[in-house]
$ cat input-v2.pdb   # PDB, C-alpha atoms
MODEL        1
ATOM      1  CA  MET X1120      93.169 -28.857 -39.602
ATOM      2  CA  ASN X1121      92.571 -25.574 -41.425
ATOM      3  CA  MET X1122      88.886 -24.783 -40.747
ATOM      4  CA  LYS X1123      88.412 -22.979 -44.077
ATOM      5  CA  TYR X1124      84.826 -24.087 -44.710
ATOM      6  CA  ILE X1125      83.536 -23.826 -41.139
ATOM      7  CA  THR X1126      84.961 -20.293 -40.922
ATOM      8  CA  LYS X1127      82.929 -19.288 -44.005
ATOM      9  CA  VAL X1128      79.778 -20.904 -42.579
ATOM     10  CA  LYS X1129      80.164 -19.084 -39.257
ATOM     11  CA  ALA X1130      80.750 -15.779 -41.068
ATOM     12  CA  ASN X1131      77.564 -16.259 -43.083
ATOM     13  CA  LEU X1132      75.622 -17.150 -39.949
ATOM     14  CA  SER X1133      76.956 -14.062 -38.167
ATOM     15  CA  ILE X1134      75.520 -11.853 -40.942
ATOM     16  CA  TYR X1135      72.158 -13.541 -40.425
ATOM     17  CA  THR X1136      72.244 -13.120 -36.649
ATOM     18  CA  LYS X1137      72.744  -9.365 -37.007
ATOM     19  CA  LYS X1138      69.242  -9.274 -38.483
ATOM     20  CA  LYS X1139      67.589 -12.038 -36.465
ATOM     21  CA  THR X1140      68.377 -13.991 -33.335
ATOM     22  CA  SER X1141      70.288 -17.235 -33.934
ATOM     23  CA  ASN X1142      67.882 -18.908 -31.507
ATOM     24  CA  ILE X1143      65.222 -18.868 -34.251
ATOM     25  CA  LEU X1144      67.331 -20.949 -36.647
ATOM     26  CA  GLU X1145      68.750 -23.260 -33.983
ATOM     27  CA  GLY X1146      65.350 -23.600 -32.354
ATOM     28  CA  SER X1147      63.814 -24.597 -35.679
ATOM     29  CA  TYR X1148      66.281 -27.463 -36.013
ATOM     30  CA  ASN X1149      65.912 -28.621 -32.416
ATOM     31  CA  SER X1150      62.124 -28.375 -32.338
ATOM     32  CA  ILE X1151      61.642 -30.536 -35.438
ATOM     33  CA  TYR X1152      62.355 -33.616 -33.376
ATOM     34  CA  LYS X1153      60.869 -32.602 -30.045
ATOM     35  CA  GLY X1154      58.389 -34.991 -28.524
ATOM     36  CA  ARG X1155      57.745 -36.778 -25.283
ATOM     37  CA  SER X1156      61.255 -38.199 -25.178
ATOM     38  CA  MET X1157      62.669 -34.870 -23.930
ATOM     39  CA  ASN X1158      64.268 -33.933 -20.612
ATOM     40  CA  PHE X1159      63.721 -30.487 -19.087
ATOM     41  CA  GLU X1160      66.992 -28.526 -18.939
ATOM     42  CA  ASP X1161      66.473 -24.827 -18.147
ATOM     43  CA  LEU X1162      64.416 -21.694 -18.734
ATOM     44  CA  ARG X1163      65.233 -18.898 -21.165
ATOM     45  CA  GLU X1164      63.506 -15.779 -22.434
ATOM     46  CA  TYR X1165      60.989 -16.240 -25.259
ATOM     47  CA  VAL X1166      62.042 -15.218 -28.788
ATOM     48  CA  VAL X1167      59.946 -14.995 -31.949
ATOM     49  CA  GLY X1168      59.614 -18.453 -33.468
ATOM     50  CA  ASP X1169      59.447 -20.387 -30.183
ATOM     51  CA  ASN X1170      56.511 -22.702 -29.566
ATOM     52  CA  VAL X1171      54.032 -20.982 -27.211
ATOM     53  CA  LYS X1172      53.248 -24.400 -25.742
ATOM     54  CA  ASP X1173      56.708 -24.336 -24.124
ATOM     55  CA  ILE X1174      56.022 -21.121 -22.153
ATOM     56  CA  ASP X1175      56.297 -21.554 -18.377
ATOM     57  CA  TRP X1176      53.525 -19.190 -17.260
ATOM     58  CA  LYS X1177      54.252 -19.438 -13.518
ATOM     59  CA  ALA X1178      57.925 -18.638 -13.952
ATOM     60  CA  SER X1179      57.036 -15.860 -16.408
ATOM     61  CA  ALA X1180      54.687 -14.261 -13.829
ATOM     62  CA  ARG X1181      57.403 -14.314 -11.164
ATOM     63  CA  SER X1182      60.069 -12.750 -13.384
ATOM     64  CA  ASN X1183      57.879 -10.335 -15.407
ATOM     65  CA  LYS X1184      59.427 -11.859 -18.546
ATOM     66  CA  ILE X1185      58.036 -14.482 -20.915
ATOM     67  CA  LEU X1186      60.111 -17.597 -20.231
ATOM     68  CA  ILE X1187      60.055 -20.877 -22.125
ATOM     69  CA  LYS X1188      61.237 -24.333 -21.145
ATOM     70  CA  GLN X1189      64.334 -25.705 -22.843
ATOM     71  CA  TYR X1190      64.677 -29.427 -23.332
ATOM     72  CA  ILE X1191      67.407 -31.922 -24.101
ATOM     73  CA  ALA X1192      66.523 -34.788 -26.419
ATOM     74  CA  GLU X1193      67.134 -38.178 -24.875
ATOM     75  CA  LYS X1194      67.895 -39.611 -28.297
ATOM     76  CA  LYS X1195      70.471 -38.154 -30.664
ATOM     77  CA  HIS X1196      69.992 -38.479 -34.408
ATOM     78  CA  ASN X1197      71.982 -39.782 -37.355
ATOM     79  CA  ILE X1198      72.152 -37.138 -40.096
ATOM     80  CA  LEU X1199      73.154 -38.257 -43.590
ATOM     81  CA  PHE X1200      73.955 -35.906 -46.468
ATOM     82  CA  ILE X1201      73.481 -37.495 -49.901
ATOM     83  CA  LEU X1202      75.361 -35.169 -52.226
ATOM     84  CA  ASP X1203      75.223 -34.681 -55.973
ATOM     85  CA  SER X1204      78.826 -34.418 -57.214
ATOM     86  CA  GLY X1205      78.083 -34.395 -60.949
ATOM     87  CA  LYS X1206      79.546 -31.925 -63.454
ATOM     88  CA  LYS X1207      76.370 -29.845 -63.418
ATOM     89  CA  MET X1208      77.221 -28.811 -59.851
ATOM     90  CA  LEU X1209      80.108 -26.800 -61.356
ATOM     91  CA  ALA X1210      77.629 -24.506 -63.131
ATOM     92  CA  ASP X1211      75.844 -21.399 -61.835
ATOM     93  CA  THR X1212      72.538 -20.913 -60.068
ATOM     94  CA  ARG X1213      69.599 -18.919 -61.424
ATOM     95  CA  ASP X1214      71.059 -15.798 -59.749
ATOM     96  CA  LEU X1215      74.568 -16.553 -61.147
ATOM     97  CA  ASP X1216      76.152 -17.738 -57.911
ATOM     98  CA  SER X1217      78.369 -20.829 -58.043
ATOM     99  CA  LYS X1218      76.212 -23.941 -57.514
ATOM    100  CA  LYS X1219      79.177 -25.620 -55.841
ATOM    101  CA  GLU X1220      79.607 -22.796 -53.324
ATOM    102  CA  VAL X1221      75.874 -22.684 -52.579
ATOM    103  CA  ALA X1222      75.882 -26.458 -52.022
ATOM    104  CA  LEU X1223      78.941 -26.325 -49.734
ATOM    105  CA  MET X1224      77.534 -23.485 -47.643
ATOM    106  CA  SER X1225      74.123 -25.157 -47.396
ATOM    107  CA  ILE X1226      75.667 -28.414 -46.163
ATOM    108  CA  GLY X1227      77.915 -26.492 -43.793
ATOM    109  CA  THR X1228      75.029 -24.485 -42.313
ATOM    110  CA  ILE X1229      72.917 -27.562 -41.596
ATOM    111  CA  GLY X1230      75.971 -29.460 -40.367
ATOM    112  CA  TYR X1231      76.849 -26.643 -37.976
ATOM    113  CA  LEU X1232      73.349 -26.809 -36.444
ATOM    114  CA  VAL X1233      73.562 -30.593 -36.264
ATOM    115  CA  ASP X1234      76.891 -30.407 -34.445
ATOM    116  CA  LYS X1235      75.505 -27.950 -31.868
ATOM    117  CA  HIS X1236      72.649 -30.376 -31.256
ATOM    118  CA  GLY X1237      75.115 -33.229 -30.671
ATOM    119  CA  ASP X1238      73.912 -35.369 -33.583
ATOM    120  CA  SER X1239      76.164 -37.629 -35.665
ATOM    121  CA  ILE X1240      76.919 -36.649 -39.270
ATOM    122  CA  SER X1241      77.754 -38.760 -42.301
ATOM    123  CA  ALA X1242      77.904 -37.970 -46.009
ATOM    124  CA  ILE X1243      77.947 -39.984 -49.207
ATOM    125  CA  PHE X1244      78.745 -38.925 -52.765
ATOM    126  CA  LYS X1245      80.342 -40.244 -55.920
ATOM    127  CA  SER X1246      84.041 -39.504 -56.165
ATOM    128  CA  ARG X1247      86.027 -39.787 -59.384
ATOM    129  CA  ASN X1248      87.108 -43.335 -58.508
ATOM    130  CA  SER X1249      84.438 -44.774 -56.221
ATOM    131  CA  ILE X1250      81.626 -44.007 -53.791
ATOM    132  CA  LYS X1251      82.856 -41.959 -50.841
ATOM    133  CA  LEU X1252      81.060 -42.732 -47.555
ATOM    134  CA  PHE X1253      82.007 -40.997 -44.309
ATOM    135  CA  PRO X1254      81.340 -42.839 -41.013
ATOM    136  CA  PHE X1255      78.835 -41.277 -38.605
ATOM    137  CA  LYS X1256      80.720 -38.980 -36.232
ATOM    138  CA  THR X1257      80.125 -35.944 -34.069
ATOM    139  CA  GLY X1258      82.358 -32.893 -34.074
ATOM    140  CA  ILE X1259      83.138 -29.918 -36.247
ATOM    141  CA  TYR X1260      86.336 -31.501 -37.645
ATOM    142  CA  ASN X1261      84.258 -34.273 -39.174
ATOM    143  CA  LEU X1262      82.087 -31.673 -40.941
ATOM    144  CA  GLU X1263      85.146 -29.797 -42.202
ATOM    145  CA  GLU X1264      86.583 -33.000 -43.682
ATOM    146  CA  ILE X1265      83.290 -33.785 -45.443
ATOM    147  CA  LEU X1266      83.138 -30.295 -46.993
ATOM    148  CA  GLU X1267      86.797 -30.309 -48.044
ATOM    149  CA  THR X1268      86.566 -33.734 -49.692
ATOM    150  CA  TYR X1269      83.264 -32.980 -51.425
ATOM    151  CA  ASP X1270      84.686 -29.737 -52.835
ATOM    152  CA  LYS X1271      87.588 -31.649 -54.421
ATOM    153  CA  GLU X1272      85.388 -34.382 -55.902
ATOM    154  CA  ILE X1273      82.669 -32.262 -57.540
ATOM    155  CA  GLY X1274      82.790 -32.872 -61.282
ATOM    156  CA  ALA X1275      82.569 -36.677 -61.165
ATOM    157  CA  GLU X1276      80.105 -38.750 -63.162
ATOM    158  CA  ASN X1277      77.038 -39.212 -60.987
ATOM    159  CA  ASP X1278      73.864 -41.309 -60.763
ATOM    160  CA  LEU X1279      71.830 -40.127 -57.792
ATOM    161  CA  ASP X1280      69.328 -42.995 -57.997
ATOM    162  CA  LYS X1281      72.140 -45.562 -57.714
ATOM    163  CA  LEU X1282      73.648 -43.599 -54.827
ATOM    164  CA  VAL X1283      70.356 -43.573 -52.898
ATOM    165  CA  ASN X1284      69.906 -47.300 -53.536
ATOM    166  CA  TYR X1285      73.417 -47.879 -52.188
ATOM    167  CA  VAL X1286      72.301 -46.149 -48.984
ATOM    168  CA  LEU X1287      69.163 -48.300 -48.820
ATOM    169  CA  LYS X1288      71.208 -51.470 -49.270
ATOM    170  CA  TYR X1289      74.168 -50.870 -46.979
ATOM    171  CA  ILE X1290      73.265 -48.391 -44.210
ATOM    172  CA  ARG X1291      71.114 -50.109 -41.596
ATOM    173  CA  ARG X1292      70.013 -47.372 -39.221
ATOM    174  CA  ARG X1293      67.238 -44.809 -38.905
ATOM    175  CA  MET X1294      68.386 -41.498 -40.394
ATOM    176  CA  ILE X1295      67.419 -37.924 -41.147
ATOM    177  CA  ILE X1296      68.556 -37.457 -44.751
ATOM    178  CA  PHE X1297      69.325 -34.205 -46.567
ATOM    179  CA  ILE X1298      69.757 -34.684 -50.327
ATOM    180  CA  VAL X1299      71.589 -31.790 -52.001
ATOM    181  CA  THR X1300      71.139 -31.699 -55.774
ATOM    182  CA  ASP X1301      69.264 -29.826 -58.527
ATOM    183  CA  ILE X1302      66.140 -30.368 -60.629
ATOM    184  CA  LYS X1303      67.815 -33.003 -62.810
ATOM    185  CA  GLY X1304      69.063 -34.881 -59.761
ATOM    186  CA  MET X1305      65.606 -34.859 -58.179
ATOM    187  CA  SER X1306      64.063 -36.063 -61.448
ATOM    188  CA  ASP X1307      66.571 -38.907 -61.753
ATOM    189  CA  ILE X1308      65.464 -40.592 -58.510
ATOM    190  CA  SER X1309      62.813 -43.167 -59.337
ATOM    191  CA  GLU X1310      59.366 -43.369 -57.745
ATOM    192  CA  GLU X1311      60.180 -46.735 -56.161
ATOM    193  CA  THR X1312      63.437 -45.425 -54.687
ATOM    194  CA  LEU X1313      61.631 -42.424 -53.177
ATOM    195  CA  ARG X1314      58.953 -44.690 -51.729
ATOM    196  CA  ARG X1315      61.463 -47.007 -50.052
ATOM    197  CA  LEU X1316      63.579 -44.125 -48.782
ATOM    198  CA  SER X1317      60.631 -42.274 -47.231
ATOM    199  CA  LEU X1318      59.346 -45.443 -45.520
ATOM    200  CA  LEU X1319      62.623 -45.890 -43.667
ATOM    201  CA  HIS X1320      63.911 -42.357 -43.150
ATOM    202  CA  ASP X1321      62.983 -38.692 -42.726
ATOM    203  CA  VAL X1322      63.945 -37.047 -46.044
ATOM    204  CA  MET X1323      64.466 -33.420 -47.091
ATOM    205  CA  PHE X1324      65.750 -32.118 -50.445
ATOM    206  CA  ILE X1325      67.776 -28.983 -51.094
ATOM    207  CA  ASN X1326      67.407 -27.968 -54.736
ATOM    208  CA  ILE X1327      70.294 -25.797 -55.965
ATOM    209  CA  SER X1328      68.745 -23.851 -58.837
ATOM    210  CA  ASP X1329      70.106 -23.810 -62.400
ATOM    211  CA  ALA X1330      71.075 -20.803 -64.484
ATOM    212  CA  PHE X1331      68.948 -20.111 -67.529
ATOM    213  CA  MET X1332      70.533 -20.906 -70.887
ATOM    214  CA  THR X1333      69.036 -17.722 -72.366
ATOM    215  CA  GLY X1334      69.561 -14.030 -71.727
ATOM    216  CA  TYR X1335      73.291 -13.824 -70.931
ATOM    217  CA  ASN X1336      76.709 -15.299 -71.700
ATOM    218  CA  ALA X1337      75.997 -18.896 -70.614
ATOM    219  CA  PHE X1338      78.462 -21.803 -70.492
ATOM    220  CA  ASP X1339      77.376 -25.451 -70.754
ATOM    221  CA  VAL X1340      79.613 -27.342 -68.290
ATOM    222  CA  GLU X1341      78.543 -30.784 -69.535
ATOM    223  CA  GLN X1342      79.272 -29.987 -73.205
ATOM    224  CA  ASN X1343      82.232 -27.752 -72.262
ATOM    225  CA  CYS X1344      81.187 -24.903 -74.546
ATOM    226  CA  TYR X1345      79.390 -21.555 -74.551
ATOM    227  CA  ILE X1346      75.740 -21.375 -75.609
ATOM    228  CA  PRO X1347      75.501 -19.700 -79.076
ATOM    229  CA  ASP X1348      74.253 -16.104 -79.159
ATOM    230  CA  PHE X1349      71.242 -16.918 -81.334
ATOM    231  CA  ILE X1350      69.942 -19.150 -78.513
ATOM    232  CA  LEU X1351      70.798 -16.706 -75.727
ATOM    233  CA  GLU X1352      68.873 -13.900 -77.395
ATOM    234  CA  ASP X1353      65.759 -15.873 -78.358
ATOM    235  CA  GLU X1354      62.866 -14.590 -76.216
ATOM    236  CA  LYS X1355      60.570 -17.457 -77.245
ATOM    237  CA  LEU X1356      63.129 -19.990 -76.093
ATOM    238  CA  LYS X1357      63.459 -18.107 -72.806
ATOM    239  CA  ASP X1358      59.699 -18.339 -72.210
ATOM    240  CA  ILE X1359      59.688 -22.025 -73.141
ATOM    241  CA  GLU X1360      62.638 -22.753 -70.827
ATOM    242  CA  LEU X1361      60.939 -21.044 -67.897
ATOM    243  CA  LYS X1362      57.692 -22.892 -68.549
ATOM    244  CA  VAL X1363      59.386 -26.299 -68.848
ATOM    245  CA  LYS X1364      61.463 -25.802 -65.672
ATOM    246  CA  THR X1365      58.391 -24.700 -63.730
ATOM    247  CA  GLU X1366      56.381 -27.702 -64.919
ATOM    248  CA  ILE X1367      59.191 -30.133 -64.035
ATOM    249  CA  TYR X1368      59.612 -28.679 -60.555
ATOM    250  CA  ASP X1369      55.851 -28.678 -59.895
ATOM    251  CA  GLU X1370      55.712 -32.325 -60.966
ATOM    252  CA  ILE X1371      58.597 -33.162 -58.624
ATOM    253  CA  LYS X1372      56.901 -31.408 -55.697
ATOM    254  CA  ASP X1373      53.656 -33.304 -56.344
ATOM    255  CA  ARG X1374      55.589 -36.585 -56.388
ATOM    256  CA  PHE X1375      57.411 -35.684 -53.161
ATOM    257  CA  LYS X1376      54.149 -34.704 -51.482
ATOM    258  CA  LYS X1377      52.909 -38.293 -51.741
ATOM    259  CA  TYR X1378      55.819 -39.409 -49.574
ATOM    260  CA  LYS X1379      55.819 -36.399 -47.221
ATOM    261  CA  ILE X1380      59.205 -35.267 -48.514
ATOM    262  CA  ILE X1381      59.994 -31.569 -47.926
ATOM    263  CA  THR X1382      62.069 -29.526 -50.372
ATOM    264  CA  THR X1383      63.400 -25.993 -50.766
ATOM    265  CA  THR X1384      65.140 -24.168 -53.631
ATOM    266  CA  ILE X1385      68.224 -22.012 -53.037
ATOM    267  CA  ASN X1386      69.236 -19.447 -55.671
ATOM    268  CA  GLN X1387      72.128 -17.601 -54.031
ATOM    269  CA  GLN X1388      74.462 -17.718 -51.046
ATOM    270  CA  LYS X1389      72.902 -14.792 -49.233
ATOM    271  CA  ASP X1390      69.573 -16.661 -49.095
ATOM    272  CA  ILE X1391      70.964 -19.906 -47.659
ATOM    273  CA  VAL X1392      70.175 -19.318 -43.975
ATOM    274  CA  ASN X1393      66.663 -18.011 -44.636
ATOM    275  CA  ASP X1394      65.876 -20.845 -47.071
ATOM    276  CA  ILE X1395      67.135 -23.497 -44.643
ATOM    277  CA  PHE X1396      65.109 -21.873 -41.871
ATOM    278  CA  LYS X1397      62.003 -22.133 -44.086
ATOM    279  CA  LEU X1398      62.817 -25.777 -44.881
ATOM    280  CA  LEU X1399      63.096 -26.650 -41.179
ATOM    281  CA  GLU X1400      59.920 -24.744 -40.353
ATOM    282  CA  ARG X1401      58.018 -26.618 -43.061
ATOM    283  CA  ARG X1402      59.404 -29.900 -41.753
ATOM    284  CA  LYS X1403      58.435 -28.984 -38.191
ATOM    285  CA  ASN X1404      54.874 -28.172 -39.248
ATOM    286  CA  ALA X1405      54.489 -31.274 -41.432
ATOM    287  CA  ASN X1406      53.742 -33.461 -38.387
ATOM    288  CA  ILE X1407      55.434 -36.490 -39.938
ATOM    289  CA  TYR X1408      56.388 -37.849 -36.523
TER
ENDMDL
END
$ encode --input "input-v2.pdb" --output "structure tokens"
Amino acid sequence: MNMKYITKVKANLSIYTKKKTSNILEGSYNSIYKGRSMNFEDLREYVVGDNVKDIDWKASARSNKILIKQYIAEKKHNILFILDSGKKMLADTRDLDSKKEVALMSIGTIGYLVDKHGDSISAIFKSRNSIKLFPFKTGIYNLEEILETYDKEIGAENDLDKLVNYVLKYIRRRMIIFIVTDIKGMSDISEETLRRLSLLHDVMFINISDAFMTGYNAFDVEQNCYIPDFILEDEKLKDIELKVKTEIYDEIKDRFKKYKIITTTINQQKDIVNDIFKLLERRKNANIY
């Protein structure tokens, strides 16, 4: 299999690791689910971002280095990606990156961490003909297949609420769920669906931002036409658009807060690793488990 998508993910991660240690990002993912069901594995040198509670002070005194305990989780996790494949995912982000590319790289980055942890990955999204559900598997080839298939199917008609309810009805296992969508997708999921989902699973949202319809040469992918110049150049409309989007997102965050659902917004590809790191840190500090 041509590892086109995984190669891009690894390249993006390598840029990040030139600035910061990869242990910070990987440690954030691993530490989210640490608890008493952990087996001691080894010692390694402390890096910024590690939990000070894991420092082995006796070993540190002997070696003159700050050493922390590494653990192996006794229980592996089932990670499900619920993916928005609607036409709006063919548009641009607020910073004019491709929403599709940002979504693919975000899924790939999380999936790469999941694979290194040994967890099983599945994904579900609406294809042009049906609902596409991948079985839970480990391994990087499974992730590559998910990314390749999702890339081909983006542009289908999509109802995220129905997709989440399909998951609730047919997948009978405890899962960590990442939902990749945008503001409209988050708004479309009903209060009752969110409540049921959060009762059964650990849920995080990745919001891929939308381009503004004012201020530049904008194309409406759903209507398949360019936005007229008189709209693009209207400063009042620009202010109204910003205000409305901010109010909608604040309302969504308040709704999510009731169910302890964590979310992050990604505007461009170069921010993906940092934004995912922040998402995992917020999840780790939420003390849901």
$ resolve_selection --input "input-v2.pdb" --expression "the PyMOL selection byres ((chain X and resi 1209-1213) around 8)" --output "ChimeraX atom specification"
/X:1205-1208,1214-1219,1273-1274,1327-1331,1338-1340,1386-1387
$ atom_distance --input "input-v2.pdb" --atom1 "CA of Asn1284 in chain X" --atom2 "CA of Asp1238 in chain X"
23.6 Å
$ residues_around --input "input-v2.pdb" --residues "Leu1282 in chain X" --least-positions-apart "6" --cutoff "12 Å" --atoms "all atoms listed in the file" --output "count of residues only"
26
$ atom_distance --input "input-v2.pdb" --atom1 "CA of Ala1130 in chain X" --atom2 "CA of Phe1324 in chain X"
24.1 Å
$ closest_atom_pairs --input "input-v2.pdb" --of "range 1244-1310 of chain X" --to "range 1230-1234 of chain X" --cutoff "12 Å" --atoms "all atoms listed in the file" --output "CSV"
residue,atom,partner,partner_atom,distance
X:Phe1255,CA,X:Asp1234,CA,11.8
X:Lys1256,CA,X:Asp1234,CA,9.6
X:Thr1257,CA,X:Asp1234,CA,6.4
X:Gly1258,CA,X:Asp1234,CA,6.0
X:Ile1259,CA,X:Asp1234,CA,6.5
X:Tyr1260,CA,X:Asp1234,CA,10.0
X:Asn1261,CA,X:Asp1234,CA,9.6
X:Leu1262,CA,X:Gly1230,CA,6.5
X:Glu1263,CA,X:Gly1230,CA,9.4
X:Glu1264,CA,X:Gly1230,CA,11.7
X:Ile1265,CA,X:Gly1230,CA,9.9
X:Leu1266,CA,X:Gly1230,CA,9.8
X:Ile1295,CA,X:Val1233,CA,10.7
X:Ile1296,CA,X:Gly1230,CA,11.8
X:Phe1297,CA,X:Gly1230,CA,10.3
$ closest_residue --input "input-v2.pdb" --among "X:Lys1403, X:Arg1163, X:Arg1374, X:Arg1292" --to "Leu1313 in chain X" --atoms "all atoms listed in the file"
X:Arg1374
$ resolve_selection --input "input-v2.pdb" --expression "the PyMOL selection byres ((chain X and resi 1376) around 12)" --output "list in words"
Glu1310, Leu1313, Arg1314, Ser1317, Val1322, Met1323, Phe1324, Asp1369, Glu1370, Ile1371, Lys1372, Asp1373, Arg1374, Phe1375, Lys1377, Tyr1378, Lys1379, Ile1380, Ile1381, Thr1382, Ala1405 and Ile1407 of chain X
$ atom_distance --input "input-v2.pdb" --atom1 "CA of Phe1396 in chain X" --atom2 "CA of Ile1229 in chain X"
9.7 Å
$ closest_residue --input "input-v2.pdb" --among "X:Lys1129, X:Arg1315, X:Lys1172, X:His1320" --to "Ile1198 in chain X" --atoms "only C-alpha atoms"
X:His1320
$ closest_residue --input "input-v2.pdb" --among "X:Ser1182, X:Thr1300, X:Asn1248, X:Ser1306" --to "Tyr1368 in chain X" --atoms "all atoms listed in the file"
X:Ser1306
$ axis_aligned_box --input "input-v2.pdb" --around "range 1122-1128 of chain X" --padding-each-side "4 Å" --output "JSON"
{"center_x": 84.3, "center_y": -22.0, "center_z": -42.7, "size_x": 17.1, "size_y": 13.5, "size_z": 12.0}
$ resolve_selection --input "input-v2.pdb" --expression "the PyMOL selection byres ((chain X and resi 1131) around 9)" --output "list in words"
Thr1126, Lys1127, Val1128, Lys1129, Ala1130, Leu1132, Ser1133, Ile1134, Tyr1135, Thr1136, Met1224, Thr1228, Gln1388, Lys1389, Ile1391 and Val1392 of chain X
$ closest_residue --input "input-v2.pdb" --among "X:Asn1393, X:Asn1404, X:Ser1239, X:Ser1179" --to "Asn1197 in chain X" --atoms "all atoms listed in the file"
X:Ser1239
$ closest_residue --input "input-v2.pdb" --among "X:Ile1367, X:Val1286, X:Lys1188, X:Glu1267" --to "Lys1303 in chain X" --atoms "all atoms listed in the file"
X:Ile1367
$ closest_residue --input "input-v2.pdb" --among "X:Val1221, X:Lys1235, X:Ile1226, X:Leu1398" --to "Lys1195 in chain X" --atoms "all atoms listed in the file"
X:Lys1235
